[in-house]
Amino acid sequence: MANSPHGGILKDLHVRDEPIRDQLLAEAEQIPSVTLTDRQLCDLELILNGGFSPLEGFLTQAEYEGVVHSSRLPDGTLWTMPIYLDIDSAELSRLDVAAGSRLALRDPRDDQPLAIITVSDLYKADPAVEAEKVYGANDQAHPAVHYLFNQTRDTYVGGRVQAINAPQHYDYVSIRRSPAEVRALFRKLNWTRVVAFQTRNPMHRAHRELTVRAARTRHANVLIQPVVGLTKPGDIDHFTRVRVYQAIMAKYPNGMAQLSLLPLAMRMGGPREAVWHAIIRKNFGATHFIVGRDHAGPGSNSQGQDFYGPYEAQELVIKYKDELDIEMVPFQMLTYLPDTDEYQPINEVPEGVKTLNISGTELRRRLKTGAPIPEWFSYPEVVRILREANPPRDTQGFTVLLTGLHASGKEAIARALQVALNQEGGRSVSLLLGETIRQELSSELGYTKRERDINVTRIGFVAAELTRAGAACIAAPIAPYEAARNLVKQQVSKAGGFYLVHVATPLEQCIKNDRAGVYKRAIAGEIKGFTGIDDVYETPASPDLVVDTTKTSTSQIVHEIILLLERDGYIGDR
């Protein structure tokens with residue numbers, strides 16, 4: 001028999017509101033609406049299907065205060081993570097939203113109405129207090145705290161919701177199951193004791209071993225329930241991870257385990273998040289939940305220390321064990337014993353026994369360089385999937401962004417670099433010159449700071465897409481502002497390599513190089529806002545290479561860029 005939901009009743013709002021769905025759908029077209037963020041979309045999906053039982057909406061101010069300060073809802077029910085609908089106050093004013101208003105909540109991907117919220121209250125919260133109370137530190141090295149201060153809107157909207165549609169997914173549909181569907185699966189399989197395993201990383205042999213050990217010691221079956229909503233920035237994409245999970249399912253004894261995906265937006269909240277995860281798994285019917293070392297921990301703070309102790313999460317789950325009514329299965333880190341070809345908890349290995357392990361950093365290095373990954377660590381099927389998602393550097397794309405004043409020589413360097421890379425072969429090479437982009441993509445833009453930033457951002461978007469496709473992209477805009485250049489770096493780095501080259505040719509030489517006389521006109525006041533004359537050029541803080549065409553030839557500069565690319569494995573045969 002599946003575990004009872006948190007609070008005693010599974011709050012499946014789709015079932016509750018099905019009789020009035022058509023009425024709600026018609027109403028959604030007549031009332032103001034807001035488009036959800038990606039995090040809000042994940043939260044709403046789990047509110048609607050009962051994954052967040054006993055919640056029936058986004059937290060009101062009283063509920064929010066109770067959760068933040070005491071991990072409890074006003075009726076005393078344990079709940080550790082604030083789930084709120086944050087909206088800009090300007091947007092609320094435009095829509096004339098007040099207590100009692102009804103708002104349609106729309107999917108950001110296809111604009112479909114998913115629910116209607118009846119607004120109970122509008123309130124503001126102190127992000128510093130939320131950071132300290134919920135995440136343990138007001139430190140933006142924590143991804144949730146960074147999100148809180150940089151992406152959360154200024155007003156929280158509390159209220160109950162009514163379900164119209166579940167978010168439409170097009171990937172792995174057969175293993176995206178609601179709590180009711182998972183519970184029905186348990187009944188069909190006659191599973192009465194279920195150990196749930198949460199993960200946001202690819203699984204390897206050690207993960208399979210620890211879940212089998214948990215099943216064996218608890219006489220239970222295993223629910224592998226990886227997160228496919230929002231995880232820690234920089235994590236492997238969920239498409240790759242799910243292919244890994246599907247491959248590893250065949251390694252379990254027949255009938256032992258099932259795979260089901262969870263559309264959760266993680267906060268990386270450590271101890272509080274572990275309790276929250278336990279509640280969610282209880283709502284899905286699990287009777288046991290694995291909590292490991294530094295469960296849902298975000299890593300190091302701004303001082304280089306871990307945000308949470310290694311077993312704080314386990315300790316907090318134990319503290320609330322009577323209220324949670326789901327048994328925690330703690331586990332230590334497993335290590336491989338080559339002499340006996342087995343995995344053992346590291347704290348159970350006798351002194352002097354040889355052990356082997358591969359860290360996450362070492363695994364990424366081996367994937368990057370193509371170095372072998374032994375079968376004792378991971379299954380060949382898993383390694384193949386990871387290698388497909390992490391091709392060697394010499395097949396990945398990259399962008400070289402040359403920035404500098406007008407007539408600094410960056411265009412000549414860019415053209416020469418294009419020739420050199422075409423000669424190297426192995427990938428297509430695209431050239432994005434400043435004037436070309438201005439004519440083809442940004443002809444409507446002027447030269448205000450905002451318009452310059454838009455132009456550079458467009459270059460970054462194109463460069464990122466070319467890089468993602470495995471091409472070499474050479475961009476040579478003026479790009480005078482540091483923030484815009486950093487944004488391009490962020491865009492491109494998600495797709496492949498990025499190199500910033502500052503062409504630091506002195507202004508006097510640039511003026512001499514300017515055969516068109518543009519500088520002369522700017523000095524005479526005929527052109528306003530000209531970079532280097534009456535508009536600033538912000539010197540890059542941390543370029544990969546600084547060159548000066550008055551001191552170094554174009555061919556030598558190109559050679560130095562080629563050496564950077566060879567050093568990092570993007571070109572050359574290693």
# chains A, B, ... in the order shown; residues from 1 in each chain; ligands from 1
>>> residues_around(residues="A:Lys321", least_positions_apart="6", cutoff="10 Å", atoms="only C-alpha atoms", output="VMD selection string")
chain A and resid 275 278 315 327 to 328
>>> write_last_selection(atoms="N, CA, C and O atoms", output="compact mmCIF listing (two decimals), in the first residue's frame")
# COMPACT_ATOMS: atom_id res chain seq x y z
N VAL A 275 13.98 17.95 3.47
CA VAL A 275 12.66 17.71 4.07
C VAL A 275 11.58 17.90 3.02
O VAL A 275 10.62 17.11 2.93
N ALA A 278 11.43 14.96 0.80
CA ALA A 278 10.78 13.83 1.47
C ALA A 278 9.26 13.97 1.42
O ALA A 278 8.54 12.99 1.18
N GLU A 315 20.16 15.06 9.30
CA GLU A 315 19.78 15.39 10.68
C GLU A 315 18.43 16.09 10.73
O GLU A 315 17.61 15.83 11.63
N GLU A 327 10.25 6.98 5.90
CA GLU A 327 11.51 6.57 6.53
C GLU A 327 12.70 7.02 5.67
O GLU A 327 12.77 6.70 4.49
N MET A 328 13.60 7.75 6.32
CA MET A 328 14.81 8.16 5.61
C MET A 328 15.79 7.00 5.57
O MET A 328 16.01 6.30 6.55
>>> closest_residue(among="A:Gly446, A:Pro543, A:Gly100, A:Pro179", to="A:Ser53", atoms="only C-alpha atoms")
A:Pro179
>>> closest_residue(among="A:Pro374, A:Gly269, A:Gly292, A:Pro480", to="A:Gln332", atoms="only C-alpha atoms")
A:Gly292
>>> select_by_dssp(residues="stretch 157-292 of chain A", states="helix (DSSP H, G or I)", output="number ranges by chain")
A: 173-175, 179-189, 205-218, 238-249, 270-283
>>> closest_atom_pairs(of="stretch 430-493 of chain A", to="stretch 566-572 of chain A", cutoff="12 Å", atoms="only C-alpha atoms", output="tab-separated table")
residue	atom	partner	partner_atom	distance
A:Thr467	CA	A:Tyr570	CA	11.8
A:Gly470	CA	A:Tyr570	CA	10.5
A:Ala471	CA	A:Tyr570	CA	10.8
A:Ala472	CA	A:Tyr570	CA	9.6
>>> write_last_selection(atoms="N, CA, C and O atoms", output="PDB file, in the first residue's frame")
ATOM      1  N   THR A 467      28.200  28.419 -32.388  1.00  0.00           N
ATOM      2  CA  THR A 467      29.071  27.620 -31.529  1.00  0.00           C
ATOM      3  C   THR A 467      28.401  26.314 -31.154  1.00  0.00           C
ATOM      4  O   THR A 467      29.031  25.241 -31.176  1.00  0.00           O
ATOM      5  N   GLY A 470      28.745  23.632 -33.578  1.00  0.00           N
ATOM      6  CA  GLY A 470      30.078  23.110 -33.830  1.00  0.00           C
ATOM      7  C   GLY A 470      30.940  23.957 -34.737  1.00  0.00           C
ATOM      8  O   GLY A 470      32.014  23.526 -35.160  1.00  0.00           O
ATOM      9  N   ALA A 471      30.486  25.173 -35.040  1.00  0.00           N
ATOM     10  CA  ALA A 471      31.241  26.040 -35.946  1.00  0.00           C
ATOM     11  C   ALA A 471      32.268  26.861 -35.174  1.00  0.00           C
ATOM     12  O   ALA A 471      32.220  26.977 -33.948  1.00  0.00           O
ATOM     13  N   ALA A 472      33.176  27.460 -35.924  1.00  0.00           N
ATOM     14  CA  ALA A 472      34.066  28.492 -35.393  1.00  0.00           C
ATOM     15  C   ALA A 472      33.467  29.832 -35.772  1.00  0.00           C
ATOM     16  O   ALA A 472      33.187  30.083 -36.943  1.00  0.00           O
TER      17      ALA A 472
END
>>> residues_around(residues="A:Arg468", least_positions_apart="4", cutoff="12 Å", atoms="only C-alpha atoms", output="list in words")
Ala389, Asn390, Pro391, Thr395, Gln396, Gly397, Phe398, Thr399, Gly460, Phe461, Val462, Ala463, Ala464, Ala472, Cys473, Gln491, Val492, Ser493, Lys494, Ala495, Gly496, Gly497 and Phe498 of chain A
>>> write_last_selection(atoms="all heavy atoms", output="compact mmCIF listing (two decimals), in the first residue's frame")
# COMPACT_ATOMS: atom_id res chain seq x y z
N ALA A 389 27.08 13.54 -25.57
CA ALA A 389 26.69 14.87 -25.09
C ALA A 389 27.89 15.75 -24.78
O ALA A 389 27.75 16.97 -24.64
CB ALA A 389 25.83 14.73 -23.84
N ASN A 390 29.06 15.14 -24.65
CA ASN A 390 30.29 15.89 -24.34
C ASN A 390 31.36 15.51 -25.35
O ASN A 390 32.33 14.83 -25.02
CB ASN A 390 30.77 15.56 -22.93
CG ASN A 390 29.79 15.99 -21.85
OD1 ASN A 390 29.86 17.10 -21.35
ND2 ASN A 390 28.88 15.09 -21.50
N PRO A 391 31.19 15.92 -26.60
CA PRO A 391 32.16 15.54 -27.63
C PRO A 391 33.53 16.14 -27.32
O PRO A 391 33.64 17.14 -26.60
CB PRO A 391 31.57 16.14 -28.91
CG PRO A 391 30.73 17.27 -28.44
CD PRO A 391 30.16 16.84 -27.13
N THR A 395 35.94 18.76 -31.78
CA THR A 395 34.70 18.76 -32.57
C THR A 395 33.69 19.78 -32.04
O THR A 395 32.60 19.91 -32.60
CB THR A 395 34.06 17.36 -32.56
OG1 THR A 395 33.68 17.01 -31.22
CG2 THR A 395 35.01 16.31 -33.11
N GLN A 396 34.04 20.47 -30.97
CA GLN A 396 33.14 21.49 -30.41
C GLN A 396 33.33 22.83 -31.12
O GLN A 396 34.37 23.11 -31.70
CB GLN A 396 33.40 21.66 -28.92
CG GLN A 396 33.05 20.46 -28.06
CD GLN A 396 33.34 20.72 -26.60
OE1 GLN A 396 33.31 21.85 -26.13
NE2 GLN A 396 33.64 19.66 -25.86
N GLY A 397 32.32 23.66 -31.03
CA GLY A 397 32.41 24.99 -31.58
C GLY A 397 33.03 25.97 -30.61
O GLY A 397 33.16 25.69 -29.41
N PHE A 398 33.40 27.13 -31.11
CA PHE A 398 33.96 28.18 -30.26
C PHE A 398 33.75 29.53 -30.94
O PHE A 398 33.51 29.62 -32.14
CB PHE A 398 35.45 27.94 -29.98
CG PHE A 398 36.32 27.91 -31.20
CD1 PHE A 398 36.81 29.08 -31.78
CD2 PHE A 398 36.66 26.70 -31.79
CE1 PHE A 398 37.60 29.04 -32.90
CE2 PHE A 398 37.46 26.64 -32.92
CZ PHE A 398 37.94 27.82 -33.48
N THR A 399 33.86 30.57 -30.12
CA THR A 399 33.75 31.95 -30.62
C THR A 399 34.97 32.74 -30.17
O THR A 399 35.38 32.65 -29.01
CB THR A 399 32.48 32.63 -30.09
OG1 THR A 399 31.34 32.05 -30.74
CG2 THR A 399 32.50 34.13 -30.38
N GLY A 460 25.95 38.14 -29.85
CA GLY A 460 26.14 37.03 -28.93
C GLY A 460 25.20 35.87 -29.18
O GLY A 460 25.59 34.70 -29.12
N PHE A 461 23.95 36.20 -29.50
CA PHE A 461 22.97 35.14 -29.79
C PHE A 461 23.38 34.34 -31.01
O PHE A 461 23.38 33.10 -30.99
CB PHE A 461 21.58 35.75 -29.99
CG PHE A 461 20.56 34.77 -30.47
CD1 PHE A 461 19.96 33.89 -29.58
CD2 PHE A 461 20.20 34.70 -31.82
CE1 PHE A 461 19.02 32.96 -30.02
CE2 PHE A 461 19.27 33.79 -32.27
CZ PHE A 461 18.68 32.91 -31.35
N VAL A 462 23.73 35.05 -32.09
CA VAL A 462 24.14 34.36 -33.32
C VAL A 462 25.40 33.54 -33.07
O VAL A 462 25.51 32.38 -33.49
CB VAL A 462 24.36 35.37 -34.46
CG1 VAL A 462 24.93 34.67 -35.70
CG2 VAL A 462 23.05 36.08 -34.81
N ALA A 463 26.36 34.12 -32.36
CA ALA A 463 27.61 33.42 -32.08
C ALA A 463 27.36 32.16 -31.26
O ALA A 463 27.97 31.11 -31.50
CB ALA A 463 28.58 34.35 -31.34
N ALA A 464 26.46 32.26 -30.28
CA ALA A 464 26.16 31.09 -29.44
C ALA A 464 25.52 29.97 -30.26
O ALA A 464 25.85 28.79 -30.07
CB ALA A 464 25.23 31.50 -28.29
N ALA A 472 33.18 27.46 -35.92
CA ALA A 472 34.07 28.49 -35.39
C ALA A 472 33.47 29.83 -35.77
O ALA A 472 33.19 30.08 -36.94
CB ALA A 472 35.46 28.34 -35.97
N CYS A 473 33.26 30.68 -34.79
CA CYS A 473 32.66 32.00 -35.05
C CYS A 473 33.67 33.08 -34.66
O CYS A 473 34.21 33.06 -33.54
CB CYS A 473 31.37 32.16 -34.25
SG CYS A 473 30.61 33.79 -34.44
N GLN A 491 26.42 33.76 -22.84
CA GLN A 491 25.63 33.11 -23.88
C GLN A 491 26.45 32.04 -24.59
O GLN A 491 25.99 30.90 -24.76
CB GLN A 491 25.16 34.14 -24.93
CG GLN A 491 24.09 35.11 -24.45
CD GLN A 491 23.80 36.16 -25.50
OE1 GLN A 491 24.66 36.94 -25.90
NE2 GLN A 491 22.57 36.19 -25.98
N VAL A 492 27.65 32.38 -25.00
CA VAL A 492 28.46 31.48 -25.80
C VAL A 492 29.02 30.33 -24.97
O VAL A 492 29.08 29.19 -25.43
CB VAL A 492 29.60 32.25 -26.50
CG1 VAL A 492 30.54 31.28 -27.22
CG2 VAL A 492 29.03 33.27 -27.48
N SER A 493 29.41 30.62 -23.74
CA SER A 493 30.06 29.60 -22.91
C SER A 493 29.15 28.42 -22.61
O SER A 493 29.63 27.33 -22.31
CB SER A 493 30.56 30.23 -21.61
OG SER A 493 31.57 31.19 -21.86
N LYS A 494 27.85 28.63 -22.69
CA LYS A 494 26.92 27.52 -22.51
C LYS A 494 26.96 26.55 -23.69
O LYS A 494 26.54 25.41 -23.58
CB LYS A 494 25.49 28.05 -22.34
CG LYS A 494 25.27 28.86 -21.08
CD LYS A 494 23.86 29.43 -21.04
CE LYS A 494 23.65 30.30 -19.81
NZ LYS A 494 22.29 30.91 -19.79
N ALA A 495 27.48 27.03 -24.81
CA ALA A 495 27.46 26.23 -26.04
C ALA A 495 28.83 25.70 -26.42
O ALA A 495 28.94 24.71 -27.15
CB ALA A 495 26.89 27.06 -27.19
N GLY A 496 29.90 26.35 -25.96
CA GLY A 496 31.24 25.92 -26.35
C GLY A 496 32.28 26.89 -25.84
O GLY A 496 32.10 27.55 -24.82
N GLY A 497 33.39 27.00 -26.57
CA GLY A 497 34.48 27.84 -26.12
C GLY A 497 34.26 29.32 -26.42
O GLY A 497 33.57 29.68 -27.37
N PHE A 498 34.86 30.16 -25.58
CA PHE A 498 34.75 31.60 -25.79
C PHE A 498 36.09 32.25 -25.47
O PHE A 498 36.70 31.97 -24.43
CB PHE A 498 33.67 32.22 -24.90
CG PHE A 498 33.58 33.72 -25.05
CD1 PHE A 498 32.85 34.28 -26.08
CD2 PHE A 498 34.23 34.57 -24.15
CE1 PHE A 498 32.77 35.66 -26.25
CE2 PHE A 498 34.15 35.95 -24.30
CZ PHE A 498 33.42 36.49 -25.35
>>> atom_distance(atom1="atom CA of A:Gln439", atom2="atom CA of A:Glu411")
15.6 Å
>>> residues_around(residues="A:Ser555", least_positions_apart="6", cutoff="9 Å", atoms="only C-alpha atoms", output="list in words")
Ile413, Ala416 and Leu417 of chain A
>>> atom_distance(atom1="atom CA of A:Ala196", atom2="atom CA of A:Leu386")
24.2 Å
